[in-house]
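Listing of work_16.txt, compact mmCIF, C-alpha atoms
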```
# COMPACT_ATOMS: atom_id res chain seq x y z
CA MET Y 1 -5.69 24.19 12.97
CA SER Y 2 -5.86 20.42 13.45
CA ILE Y 3 -2.86 18.70 15.00
CA PHE Y 4 -2.62 16.53 11.88
CA GLU Y 5 -1.89 19.68 9.91
CA TYR Y 6 0.84 20.95 12.22
CA ASN Y 7 3.78 19.67 10.20
CA GLY Y 8 2.19 19.16 6.76
CA SER Y 9 2.65 16.01 4.70
CA ALA Y 10 1.68 14.15 1.55
CA VAL Y 11 2.10 10.43 0.99
CA VAL Y 12 0.81 8.32 -1.88
CA ALA Y 13 1.30 4.71 -2.98
CA MET Y 14 0.29 3.08 -6.24
CA GLY Y 15 0.18 -0.53 -7.38
CA GLY Y 16 1.49 -1.57 -10.76
CA LYS Y 17 2.28 -4.75 -12.63
CA ASN Y 18 4.38 -6.80 -10.20
CA CYS Y 19 5.67 -3.56 -8.75
CA PHE Y 20 4.60 -0.67 -6.57
CA ALA Y 21 5.59 2.94 -6.06
CA ILE Y 22 5.42 4.98 -2.88
CA ALA Y 23 6.06 8.70 -2.79
CA SER Y 24 6.02 11.55 -0.32
CA ASP Y 25 6.77 15.24 -0.13
CA ARG Y 26 9.85 16.51 1.71
CA ARG Y 27 8.64 19.51 3.68
CA LEU Y 28 8.81 19.67 7.42
CA GLY Y 29 7.03 22.73 8.74
CA VAL Y 30 5.93 24.19 12.02
CA GLN Y 31 2.57 25.55 10.94
CA LEU Y 32 3.39 28.24 8.39
CA GLN Y 33 7.17 28.17 8.76
CA THR Y 34 9.20 25.68 6.73
CA ILE Y 35 12.08 24.35 8.78
CA ALA Y 36 13.39 21.43 6.68
CA THR Y 37 13.19 20.39 3.05
CA ASP Y 38 14.60 16.88 3.35
CA PHE Y 39 12.30 15.20 5.86
CA GLN Y 40 12.15 11.42 5.47
CA ARG Y 41 8.56 10.19 5.55
CA ILE Y 42 8.98 6.88 3.78
CA SER Y 43 11.03 4.12 5.33
CA LYS Y 44 12.00 0.63 4.29
CA ILE Y 45 10.97 -2.16 6.61
CA HIS Y 46 12.62 -4.76 4.42
CA ASP Y 47 13.34 -5.10 0.71
CA ARG Y 48 9.73 -5.79 -0.12
CA VAL Y 49 7.80 -3.68 2.41
CA PHE Y 50 7.81 0.11 2.73
CA ILE Y 51 5.85 2.35 5.02
CA GLY Y 52 5.09 6.03 4.55
CA LEU Y 53 3.80 7.98 7.51
CA SER Y 54 1.99 11.31 7.32
CA GLY Y 55 0.90 13.48 10.21
CA LEU Y 56 2.72 14.77 13.26
CA ALA Y 57 6.44 14.45 12.59
CA THR Y 58 7.47 13.31 16.06
CA ASP Y 59 4.95 10.46 15.94
CA VAL Y 60 6.10 9.62 12.41
CA GLN Y 61 9.62 9.09 13.71
CA THR Y 62 8.66 7.29 16.93
CA LEU Y 63 6.16 5.00 15.24
CA TYR Y 64 8.70 4.12 12.57
CA GLN Y 65 11.25 3.22 15.25
CA ARG Y 66 8.73 1.02 17.07
CA LEU Y 67 7.77 -0.77 13.86
CA VAL Y 68 11.36 -1.43 12.85
CA PHE Y 69 11.97 -2.79 16.36
CA ARG Y 70 9.03 -5.16 16.09
CA HIS Y 71 10.02 -6.29 12.64
CA LYS Y 72 13.63 -6.95 13.60
CA LEU Y 73 12.48 -9.18 16.48
CA TYR Y 74 10.07 -10.95 14.14
CA GLN Y 75 12.88 -11.57 11.67
CA LEU Y 76 15.08 -13.03 14.38
CA ARG Y 77 12.35 -15.23 15.85
CA GLU Y 78 10.74 -16.46 12.68
CA GLU Y 79 13.80 -16.37 10.41
CA ARG Y 80 11.82 -14.70 7.64
CA ASP Y 81 10.63 -11.27 6.52
CA MET Y 82 7.11 -10.15 7.27
CA LYS Y 83 4.59 -10.34 4.50
CA PRO Y 84 3.03 -6.95 3.71
CA GLU Y 85 -0.42 -8.08 4.86
CA THR Y 86 1.00 -9.30 8.15
CA PHE Y 87 2.89 -6.03 8.61
CA ALA Y 88 -0.27 -4.05 7.97
CA SER Y 89 -2.11 -6.08 10.62
CA LEU Y 90 0.74 -5.41 13.05
CA VAL Y 91 0.63 -1.65 12.41
CA SER Y 92 -3.12 -1.66 12.86
CA ALA Y 93 -2.79 -3.49 16.21
CA ILE Y 94 -0.05 -1.14 17.45
CA LEU Y 95 -2.11 1.93 16.55
CA TYR Y 96 -5.22 0.57 18.25
CA GLU Y 97 -3.25 -0.09 21.45
CA LYS Y 98 -3.21 3.69 21.78
CA ARG Y 99 -6.89 4.07 21.02
CA PHE Y 100 -7.49 6.77 23.64
CA GLY Y 101 -4.23 8.65 23.18
CA PRO Y 102 -3.30 7.84 19.59
CA TYR Y 103 -0.22 8.31 17.46
CA LEU Y 104 -1.16 11.26 15.27
CA CYS Y 105 -0.09 9.60 12.02
CA GLN Y 106 -1.75 8.00 9.07
CA PRO Y 107 0.39 5.22 7.64
CA VAL Y 108 0.56 4.15 4.03
CA ILE Y 109 1.93 0.64 3.63
CA ALA Y 110 3.14 -0.72 0.31
CA GLY Y 111 4.76 -4.06 -0.39
CA LEU Y 112 5.22 -6.99 -2.73
CA GLY Y 113 3.33 -10.03 -1.55
CA GLU Y 114 3.38 -13.65 -2.63
CA ASP Y 115 3.95 -14.08 -6.38
CA ASP Y 116 5.21 -10.48 -6.54
CA LYS Y 117 1.70 -9.09 -6.39
CA PRO Y 118 1.69 -5.50 -5.11
CA PHE Y 119 -0.06 -4.82 -1.81
CA ILE Y 120 -1.05 -1.29 -0.76
CA CYS Y 121 -3.13 -0.07 2.12
CA THR Y 122 -3.64 2.92 4.34
CA MET Y 123 -5.17 3.34 7.75
CA ASP Y 124 -6.35 6.09 10.03
CA SER Y 125 -4.58 7.05 13.22
CA ILE Y 126 -6.31 4.33 15.24
CA GLY Y 127 -5.69 1.47 12.86
CA ALA Y 128 -8.72 1.18 10.59
CA LYS Y 129 -7.28 -0.53 7.52
CA GLU Y 130 -8.29 0.47 4.04
CA LEU Y 131 -7.07 -1.86 1.30
CA ALA Y 132 -6.98 -0.81 -2.32
CA LYS Y 133 -5.84 -2.27 -5.58
CA ASP Y 134 -5.02 0.99 -7.31
CA PHE Y 135 -3.76 3.76 -5.04
CA VAL Y 136 -3.87 5.04 -1.47
CA VAL Y 137 -3.20 8.57 -0.19
CA SER Y 138 -2.62 10.28 3.10
CA GLY Y 139 -1.65 13.65 4.54
CA THR Y 140 -2.70 17.30 4.29
CA ALA Y 141 -2.73 17.06 0.50
CA SER Y 142 -4.88 13.94 0.49
CA GLU Y 143 -7.93 15.49 -1.18
CA SER Y 144 -5.89 16.82 -4.09
CA LEU Y 145 -4.07 13.50 -4.24
CA TYR Y 146 -7.34 11.59 -4.53
CA GLY Y 147 -8.32 13.70 -7.50
CA ALA Y 148 -4.95 13.56 -9.23
CA CYS Y 149 -4.54 9.82 -8.76
CA GLU Y 150 -8.07 9.07 -9.92
CA ALA Y 151 -7.42 11.02 -13.09
CA MET Y 152 -3.93 9.74 -13.85
CA TYR Y 153 -4.02 6.12 -12.66
CA LYS Y 154 -4.16 3.16 -15.02
CA PRO Y 155 -4.01 -0.47 -13.88
CA ASP Y 156 -1.01 -2.74 -14.60
CA MET Y 157 1.57 -0.05 -15.29
CA GLU Y 158 5.20 -1.07 -15.54
CA ALA Y 159 7.80 0.46 -13.25
CA GLU Y 160 8.86 3.38 -15.42
CA GLU Y 161 5.34 4.46 -16.31
CA LEU Y 162 4.29 4.03 -12.69
CA PHE Y 163 7.10 6.33 -11.63
CA GLU Y 164 5.98 9.02 -14.07
CA THR Y 165 2.36 8.73 -12.98
CA ILE Y 166 2.97 8.82 -9.24
CA SER Y 167 5.42 11.71 -9.59
CA GLN Y 168 3.01 13.82 -11.62
CA ALA Y 169 0.16 13.04 -9.24
CA LEU Y 170 2.26 13.96 -6.21
CA LEU Y 171 3.73 17.19 -7.59
CA SER Y 172 0.47 18.52 -8.92
CA SER Y 173 -1.32 17.75 -5.63
CA VAL Y 174 1.24 19.30 -3.30
CA ASP Y 175 1.15 22.46 -5.43
CA ARG Y 176 -2.43 22.94 -4.25
CA ASP Y 177 -1.47 22.49 -0.60
CA CYS Y 178 0.54 25.12 1.17
CA LEU Y 179 1.68 22.79 3.93
CA SER Y 180 3.32 20.12 1.78
CA GLY Y 181 5.75 20.16 -1.09
CA TRP Y 182 9.35 21.35 -1.43
CA GLY Y 183 10.20 18.40 -3.66
CA GLY Y 184 9.29 14.75 -3.74
CA HIS Y 185 10.80 11.43 -2.74
CA VAL Y 186 9.76 8.42 -4.81
CA TYR Y 187 10.55 4.73 -4.37
CA VAL Y 188 9.67 2.32 -7.15
CA VAL Y 189 10.03 -1.28 -6.08
CA THR Y 190 10.11 -4.31 -8.36
CA PRO Y 191 11.01 -7.89 -7.40
CA THR Y 192 14.59 -7.25 -8.51
CA GLU Y 193 15.40 -3.69 -7.49
CA ILE Y 194 14.46 -0.64 -5.47
CA LYS Y 195 14.79 2.67 -7.32
CA GLU Y 196 14.88 5.76 -5.15
CA ARG Y 197 14.51 9.15 -6.83
CA ILE Y 198 14.26 12.74 -5.62
CA LEU Y 199 11.86 14.98 -7.51
CA LYS Y 200 12.48 18.67 -8.03
CA GLY Y 201 9.22 20.56 -7.71
CA ARG Y 202 8.11 24.06 -6.86
CA MET Y 203 10.12 25.09 -3.82
CA ASP Y 204 7.34 26.85 -2.06
CA MET A 1 2.27 -17.36 41.31
CA GLY A 2 2.67 -18.42 44.95
CA ASP A 3 2.33 -16.13 47.92
CA SER A 4 5.25 -14.49 49.73
CA GLN A 5 6.11 -17.54 51.83
CA TYR A 6 6.78 -19.61 48.71
CA SER A 7 8.23 -17.02 46.40
CA PHE A 8 11.41 -19.07 45.96
CA SER A 9 11.82 -21.63 43.21
CA LEU A 10 11.06 -25.19 44.25
CA THR A 11 13.21 -26.51 41.40
CA THR A 12 16.78 -26.15 42.55
CA PHE A 13 20.11 -27.52 41.35
CA SER A 14 21.66 -30.63 42.88
CA PRO A 15 25.44 -30.71 43.44
CA SER A 16 25.85 -32.80 40.29
CA GLY A 17 24.32 -29.99 38.23
CA LYS A 18 20.96 -31.63 37.65
CA LEU A 19 17.53 -30.23 38.30
CA VAL A 20 16.11 -33.14 40.23
CA GLN A 21 12.51 -31.97 39.92
CA ILE A 22 12.78 -32.15 36.16
CA GLU A 23 14.23 -35.65 36.36
CA HIS A 24 11.25 -36.66 38.51
CA ALA A 25 8.90 -35.00 36.03
CA LEU A 26 10.45 -37.08 33.27
CA THR A 27 9.86 -40.16 35.40
CA ALA A 28 6.22 -39.17 35.67
CA VAL A 29 6.15 -38.92 31.89
CA GLY A 30 7.89 -42.27 31.55
CA SER A 31 5.21 -44.01 33.56
CA GLY A 32 2.43 -42.46 31.53
CA GLN A 33 0.62 -44.18 28.68
CA THR A 34 2.56 -44.61 25.46
CA SER A 35 2.13 -42.00 22.77
CA LEU A 36 3.98 -41.56 19.49
CA GLY A 37 4.19 -39.46 16.39
CA ILE A 38 5.46 -40.00 12.83
CA LYS A 39 6.22 -37.35 10.24
CA ALA A 40 5.42 -38.53 6.73
CA SER A 41 6.34 -36.83 3.47
CA ASN A 42 2.84 -35.40 3.13
CA GLY A 43 1.58 -35.14 6.71
CA VAL A 44 1.99 -36.08 10.36
CA VAL A 45 0.24 -38.69 12.52
CA ILE A 46 0.13 -38.81 16.32
CA ALA A 47 -1.36 -41.62 18.34
CA THR A 48 -1.75 -42.73 21.92
CA GLU A 49 -3.06 -45.54 24.06
CA LYS A 50 -6.29 -44.68 25.77
CA LYS A 51 -6.38 -47.16 28.66
CA LEU A 52 -9.19 -46.14 30.96
CA PRO A 53 -9.19 -47.04 34.66
CA SER A 54 -12.47 -48.95 34.42
CA ILE A 55 -14.90 -50.25 31.80
CA LEU A 56 -17.51 -47.96 33.35
CA VAL A 57 -15.72 -44.83 32.10
CA ASP A 58 -17.44 -43.28 29.08
CA GLU A 59 -14.56 -43.51 26.62
CA GLU A 60 -16.09 -41.05 24.18
CA SER A 61 -15.76 -38.26 26.71
CA VAL A 62 -12.02 -38.81 27.06
CA GLN A 63 -10.03 -36.90 24.45
CA LYS A 64 -6.29 -37.24 24.81
CA ILE A 65 -5.46 -35.72 21.41
CA GLN A 66 -6.39 -32.05 21.19
CA HIS A 67 -6.32 -29.24 18.65
CA LEU A 68 -4.19 -26.21 19.38
CA THR A 69 -5.15 -24.51 16.12
CA PRO A 70 -7.00 -25.83 13.07
CA ASN A 71 -3.66 -26.98 11.68
CA ILE A 72 -1.78 -28.03 14.81
CA GLY A 73 -2.62 -30.94 17.12
CA VAL A 74 -1.02 -32.28 20.27
CA VAL A 75 -0.83 -35.48 22.31
CA TYR A 76 0.88 -36.18 25.60
CA SER A 77 2.32 -38.74 27.95
CA GLY A 78 2.11 -38.10 31.67
CA MET A 79 -0.38 -36.25 33.83
CA GLY A 80 -3.67 -35.45 32.14
CA PRO A 81 -4.57 -32.37 34.21
CA ASP A 82 -1.16 -30.77 33.51
CA PHE A 83 -1.82 -31.40 29.80
CA ARG A 84 -5.16 -29.62 29.99
CA VAL A 85 -3.54 -26.52 31.49
CA LEU A 86 -0.83 -26.45 28.80
CA VAL A 87 -3.35 -26.90 26.01
CA ARG A 88 -5.33 -23.97 27.34
CA LYS A 89 -2.26 -21.72 27.53
CA SER A 90 -1.03 -22.78 24.07
CA ARG A 91 -4.39 -22.14 22.48
CA LYS A 92 -4.44 -18.68 23.97
CA GLN A 93 -0.95 -17.91 22.69
CA ALA A 94 -1.82 -19.18 19.23
CA GLU A 95 -4.91 -17.01 19.13
CA GLN A 96 -3.04 -13.94 20.38
CA TYR A 97 -0.56 -14.37 17.53
CA ASN A 98 -3.43 -14.72 15.08
CA ARG A 99 -5.13 -11.62 16.42
CA LEU A 100 -1.96 -9.56 16.14
CA TYR A 101 -0.76 -10.69 12.73
CA LYS A 102 -4.01 -12.02 11.22
CA GLU A 103 -1.95 -15.02 10.23
CA PRO A 104 -1.99 -18.55 11.65
CA ILE A 105 0.91 -19.15 13.99
CA PRO A 106 3.80 -21.17 12.49
CA VAL A 107 4.31 -24.51 14.24
CA THR A 108 7.83 -23.64 15.42
CA GLN A 109 6.65 -20.42 17.03
CA LEU A 110 3.84 -22.13 18.95
CA VAL A 111 6.16 -24.91 20.10
CA ARG A 112 8.70 -22.36 21.25
CA GLU A 113 6.13 -20.38 23.22
CA THR A 114 4.70 -23.53 24.84
CA ALA A 115 8.20 -24.67 25.72
CA THR A 116 8.87 -21.24 27.23
CA VAL A 117 5.84 -21.67 29.50
CA MET A 118 7.12 -25.07 30.60
CA GLN A 119 10.55 -23.61 31.32
CA GLU A 120 9.04 -20.79 33.35
CA PHE A 121 7.51 -23.39 35.65
CA THR A 122 11.00 -24.71 36.39
CA GLN A 123 12.27 -21.33 37.49
CA SER A 124 9.35 -19.55 39.17
CA GLY A 125 8.31 -19.28 42.79
CA GLY A 126 5.86 -21.70 44.32
CA VAL A 127 5.28 -23.89 41.26
CA ARG A 128 6.43 -27.31 40.09
CA PRO A 129 7.37 -28.42 36.57
CA PHE A 130 4.67 -29.87 34.33
CA GLY A 131 4.48 -33.67 34.45
CA VAL A 132 3.90 -34.09 30.72
CA SER A 133 5.85 -34.38 27.53
CA LEU A 134 4.03 -33.17 24.44
CA LEU A 135 4.13 -34.30 20.84
CA VAL A 136 3.02 -31.41 18.64
CA ALA A 137 2.02 -32.21 15.07
CA GLY A 138 1.38 -29.46 12.56
CA TYR A 139 1.40 -28.55 8.90
CA ASP A 140 2.24 -24.99 7.83
CA ASP A 141 4.15 -23.21 5.07
CA LYS A 142 7.29 -25.11 6.01
CA GLY A 143 5.52 -28.43 5.49
CA PRO A 144 4.70 -31.20 7.98
CA GLN A 145 6.40 -30.90 11.36
CA LEU A 146 6.58 -32.98 14.54
CA TYR A 147 7.98 -31.60 17.77
CA GLN A 148 8.48 -33.09 21.21
CA VAL A 149 8.45 -30.76 24.23
CA ASP A 150 9.78 -31.95 27.58
CA PRO A 151 8.99 -30.77 31.14
CA SER A 152 12.30 -28.90 31.18
CA GLY A 153 11.12 -26.75 28.29
CA SER A 154 13.50 -28.20 25.72
CA TYR A 155 12.02 -29.09 22.37
CA PHE A 156 13.19 -31.17 19.45
CA SER A 157 11.97 -31.74 15.95
CA TRP A 158 11.53 -35.44 15.21
CA LYS A 159 10.93 -37.57 12.15
CA ALA A 160 9.36 -40.11 14.48
CA SER A 161 9.24 -40.30 18.24
CA ALA A 162 7.59 -42.05 21.14
CA MET A 163 7.08 -41.27 24.83
CA GLY A 164 5.69 -42.94 27.92
CA LYS A 165 5.82 -46.48 29.23
CA ASN A 166 6.98 -48.35 26.19
CA VAL A 167 9.32 -45.72 24.84
CA SER A 168 12.47 -47.78 24.20
CA ASN A 169 10.69 -50.64 22.40
CA ALA A 170 8.58 -48.19 20.45
CA LYS A 171 11.58 -46.11 19.37
CA THR A 172 13.52 -49.21 18.29
CA PHE A 173 10.51 -50.34 16.25
CA LEU A 174 10.18 -46.88 14.68
CA GLU A 175 13.87 -46.72 13.84
CA LYS A 176 13.53 -49.94 11.90
CA ARG A 177 10.29 -49.06 10.18
CA TYR A 178 10.74 -45.38 9.39
CA THR A 179 11.50 -44.33 5.82
CA GLU A 180 11.98 -40.77 4.56
CA ASP A 181 9.46 -41.05 1.74
CA MET A 182 6.71 -42.62 3.80
CA GLU A 183 3.23 -41.33 2.98
CA LEU A 184 0.60 -40.44 5.55
CA ASP A 185 -1.42 -43.66 5.31
CA ASP A 186 1.74 -45.77 5.66
CA ALA A 187 2.67 -43.67 8.66
CA ILE A 188 -0.74 -44.36 10.25
CA HIS A 189 -0.26 -48.11 9.75
CA THR A 190 3.20 -47.91 11.22
CA ALA A 191 1.87 -45.94 14.18
CA ILE A 192 -0.74 -48.60 14.87
CA LEU A 193 1.84 -51.38 14.60
CA THR A 194 4.11 -49.53 16.98
CA LEU A 195 1.33 -49.11 19.52
CA LYS A 196 0.47 -52.78 19.13
CA GLU A 197 4.05 -53.77 20.00
CA GLY A 198 3.79 -52.98 23.68
CA PHE A 199 0.03 -53.14 24.03
CA GLU A 200 -1.35 -55.05 26.98
CA GLY A 201 -4.53 -56.72 25.85
CA GLU A 202 -6.53 -56.39 22.66
CA ILE A 203 -6.01 -53.23 20.60
CA SER A 204 -9.25 -51.71 19.34
CA SER A 205 -10.73 -48.39 18.27
CA LYS A 206 -11.95 -47.90 21.83
CA ASN A 207 -8.55 -47.97 23.50
CA ILE A 208 -6.38 -45.96 21.12
CA GLU A 209 -6.66 -42.44 19.74
CA ILE A 210 -5.16 -41.28 16.44
CA GLY A 211 -4.85 -37.75 15.06
CA LYS A 212 -3.55 -36.81 11.62
CA ILE A 213 -2.88 -33.79 9.47
CA GLY A 214 -2.24 -33.85 5.75
CA ALA A 215 -1.51 -31.39 2.98
CA ASP A 216 -5.01 -29.96 3.46
CA LYS A 217 -3.59 -28.42 6.67
CA VAL A 218 -6.56 -29.54 8.74
CA PHE A 219 -5.81 -31.50 11.90
CA ARG A 220 -8.34 -34.22 12.61
CA VAL A 221 -8.86 -36.82 15.29
CA LEU A 222 -9.95 -40.05 13.63
CA THR A 223 -13.36 -41.43 14.52
CA PRO A 224 -13.55 -44.93 16.02
CA ALA A 225 -14.98 -46.17 12.71
CA GLU A 226 -11.95 -44.83 10.81
CA ILE A 227 -9.62 -46.40 13.35
CA ASP A 228 -11.40 -49.73 12.87
CA ASP A 229 -10.77 -49.47 9.12
CA TYR A 230 -7.06 -48.88 9.64
CA LEU A 231 -6.89 -51.69 12.21
CA ALA A 232 -8.49 -54.04 9.71
CA GLU A 233 -5.95 -53.01 7.05
CA VAL A 234 -3.12 -53.70 9.46
CA GLU A 235 -4.30 -57.23 10.27
```
Give the structure from this file in structure tokens form.
Amino acid sequence: MSIFEYNGSAVVAMGGKNCFAIASDRRLGVQLQTIATDFQRISKIHDRVFIGLSGLATDVQTLYQRLVFRHKLYQLREERDMKPETFASLVSAILYEKRFGPYLCQPVIAGLGEDDKPFICTMDSIGAKELAKDFVVSGTASESLYGACEAMYKPDMEAEELFETISQALLSSVDRDCLSGWGGHVYVVTPTEIKERILKGRMD
Amino acid sequence: MGDSQYSFSLTTFSPSGKLVQIEHALTAVGSGQTSLGIKASNGVVIATEKKLPSILVDEESVQKIQHLTPNIGVVYSGMGPDFRVLVRKSRKQAEQYNRLYKEPIPVTQLVRETATVMQEFTQSGGVRPFGVSLLVAGYDDKGPQLYQVDPSGSYFSWKASAMGKNVSNAKTFLEKRYTEDMELDDAIHTAILTLKEGFEGEISSKNIEIGKIGADKVFRVLTPAEIDDYLAEVE
């Protein structure tokens, strides 16, 4: 079994009309045993940038701490929040620093850029960025997620419809993956508010 | 920097609480050729005298105004070789920022990092402070900005400033002439007039250098032909 599949994870982000949604599953496992059903994979960097990390759970937590550290220093020095594109470049650089002993995570970054345009991207564990306009996926359920998102996604969805779409895509994908699931955690972010919701799915 | 015999700082406090080496560095700056900068509403201009030691020097090869990034330029008063070293370090820092964030460095950040380098040389072993003051002109998301950085490492944002030999006359002249809503071309004329104030001899496009940056966010050193045009307008 690959080390990326040790803990199990599913993360997906979708861009909408002046909004974005980012969602993840909640299972933390040690191979076949589930040990937690409330694991936090998505974290807020600031009100307009979120990062979801899939992969090895210890690296998820450590990488998140490092990124928050860097962003806090940036905020203090530059007296402004990081733009999502800038944050993505920073994550990519930090991952590549460990090119020959990498963090075993695949980040999904979602944010609102200038003019409230949504920005989403993912990258591999050594920082190769992949930008997209529609959706990005990551984790053990990524193949199912690709299929579900491709089928369900429409461009320029408003916040409520985006929430429905991303939730359905997430729940149906994790049902086909034994290592992820046990509920969902969805953030829908518009220029004015951040809506956090917990999804009840198949608890297996 | 410095081997073990000189691993102490050469810049030490005097009983009156001053760092005498920095005072001497400022004296070196004060005897350097005059340079000045003016922040207009839509850009920044920096200018300097370019008095060469002999008519045999190829004036085209001398470039006192340098780019740090495509949208930030710098001029100095003081020791030319020290300026070259600082320009090199600043350019590297600007490019490291760009490589990390894929974003051009904001002017304030570059000024702060350059000033930090200058401060380090007042507190490290075996080195002396830089004998230059810099005027950094840039245009970024916060608009046009003009900063002065001293050998001590302190930096200030200015609407208009001058350094070097003729500093007090130049600053008095600028205080009278400066207006908040000045546009870039007016600022260039004012810069030329200010340089003319204390100029020994005939001012021409061969013995001054002017750099400007406008809302296009591209820093440019003016060609001698362009300087001639502005000089003609000023007459």
(request) Select all residues from chain A having any atom no more than 9 Å from an atom of chain Y (counting only C-alpha atoms, ignoring ligands), output as a list in words. (result)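 Using only C-alpha atoms, chain A residues at most 9 Å from chain Y: Arg99, Leu100, Tyr101, Lys102, Glu103, Pro106, Thr108 and Gln109 of chain A.
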Protein/DNA/RNA residues near (-2.3, -2.8, -6.2), cut 6 Å, all atoms listed in the file, as an mmCIF file with C-alpha atoms, keeping the file's coordinate frame:
```cif
data_model
loop_
_atom_site.group_PDB
_atom_site.id
_atom_site.type_symbol
_atom_site.label_atom_id
_atom_site.label_comp_id
_atom_site.auth_asym_id
_atom_site.auth_seq_id
_atom_site.Cartn_x
_atom_site.Cartn_y
_atom_site.Cartn_z
ATOM 1 C CA GLY Y 15 0.180 -0.530 -7.380
ATOM 2 C CA PRO Y 118 1.690 -5.500 -5.110
ATOM 3 C CA PHE Y 119 -0.060 -4.820 -1.810
ATOM 4 C CA ILE Y 120 -1.050 -1.290 -0.760
ATOM 5 C CA LYS Y 133 -5.840 -2.270 -5.580
ATOM 6 C CA ASP Y 134 -5.020 0.990 -7.310
#
```
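You can rank Y:Cys121, Y:Ala169, Y:Ala159, Y:Ala57 by their closest distance to Ala36 of chain Y using all atoms listed in the file, and at the top of that list sits Y:Ala57.
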(request) Compute the distance from (6.9, -23.1, 6.3) to each atom, counting all atoms listed in the file, keep the residues with any atom at most 12 Å away, and return them as a ChimeraX atom specification; use the coordinates of the file. (result) /Y:78-80 /A:104-109,138-145,217
(request) For Gln106 of chain Y, please output as a list of chain:residue names all residues within 6 Å (counting all atoms listed in the file; exclusion window: fewer than 3 positions along the same chain). (result) Y:Leu53, Y:Ser54, Y:Met123, Y:Asp124, Y:Ser125
(message) Just the number, please: distance in Å from atom CA of Ser205 of chain A to atom CA of Gly80 of chain A, one decimal.
(response)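 So the answer is 20.2 Å.
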Show me, as a PDB file with C-alpha atoms, in the frame of the given file, the residues that have an atom within 8 Å of segment 162-178 of chain A when counting only C-alpha atoms, minus same-chain residues fewer than 2 positions from it.
```pdb
ATOM      1  CA  VAL A  29       6.150 -38.920  31.890  1.00  0.00           C
ATOM      2  CA  GLY A  30       7.890 -42.270  31.550  1.00  0.00           C
ATOM      3  CA  SER A  31       5.210 -44.010  33.560  1.00  0.00           C
ATOM      4  CA  GLY A  32       2.430 -42.460  31.530  1.00  0.00           C
ATOM      5  CA  GLN A  33       0.620 -44.180  28.680  1.00  0.00           C
ATOM      6  CA  THR A  34       2.560 -44.610  25.460  1.00  0.00           C
ATOM      7  CA  SER A  35       2.130 -42.000  22.770  1.00  0.00           C
ATOM      8  CA  LEU A  36       3.980 -41.560  19.490  1.00  0.00           C
ATOM      9  CA  GLY A  37       4.190 -39.460  16.390  1.00  0.00           C
ATOM     10  CA  SER A  77       2.320 -38.740  27.950  1.00  0.00           C
ATOM     11  CA  GLY A  78       2.110 -38.100  31.670  1.00  0.00           C
ATOM     12  CA  SER A 133       5.850 -34.380  27.530  1.00  0.00           C
ATOM     13  CA  ALA A 160       9.360 -40.110  14.480  1.00  0.00           C
ATOM     14  CA  GLU A 180      11.980 -40.770   4.560  1.00  0.00           C
ATOM     15  CA  MET A 182       6.710 -42.620   3.800  1.00  0.00           C
ATOM     16  CA  THR A 190       3.200 -47.910  11.220  1.00  0.00           C
ATOM     17  CA  THR A 194       4.110 -49.530  16.980  1.00  0.00           C
ATOM     18  CA  LEU A 195       1.330 -49.110  19.520  1.00  0.00           C
ATOM     19  CA  GLU A 197       4.050 -53.770  20.000  1.00  0.00           C
ATOM     20  CA  GLY A 198       3.790 -52.980  23.680  1.00  0.00           C
TER      21      GLY A 198
END
```
(request) Might you pull out every residue within 12 Å of Val68 of chain Y, with all atoms listed in the file counted and same-chain residues fewer than 2 positions away left off, and present them as JSON, numbers by chain? (result) {"Y": [43, 44, 45, 46, 49, 50, 51, 61, 62, 63, 64, 65, 66, 70, 71, 72, 73, 74, 75, 81, 82, 87, 90, 91]}
(request) Measure the distance from atom CA of Glu23 of chain A to atom CA of Arg88 of chain A in Å and round it to one decimal. (result)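 The value is 24.5 Å.
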(request) Work out how far atom CA of Leu28 of chain Y is from atom CA of Ile198 of chain Y, in Å to one decimal. (result)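 Result for atom CA of Ile198 of chain Y versus atom CA of Leu28 of chain Y: 15.7 Å, one decimal.
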(message) as a PyMOL selection string, please: the residues near Thr34 of chain Y (cut-off 12 Å, all atoms listed in the file, same-chain neighbours under 6 positions excluded).
(response) chain Y and resi 6-9+26-28+178-182+203-204
(request) Find the spatial neighbours of Lys206 of chain A, counting all atoms listed in the file, within a cut-off of 8 Å - ignore same-chain residues fewer than 4 positions away - and output them as number ranges by chain. (result) A: 50, 59, 224
(request) Choose the residue, out of A:Tyr6, A:Leu193, A:Phe83, A:Ile22, that has the smallest atom-to-atom separation from Phe121 of chain A; count all atoms listed in the file. (result)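 The answer is A:Ile22, which sits nearest to Phe121 of chain A.
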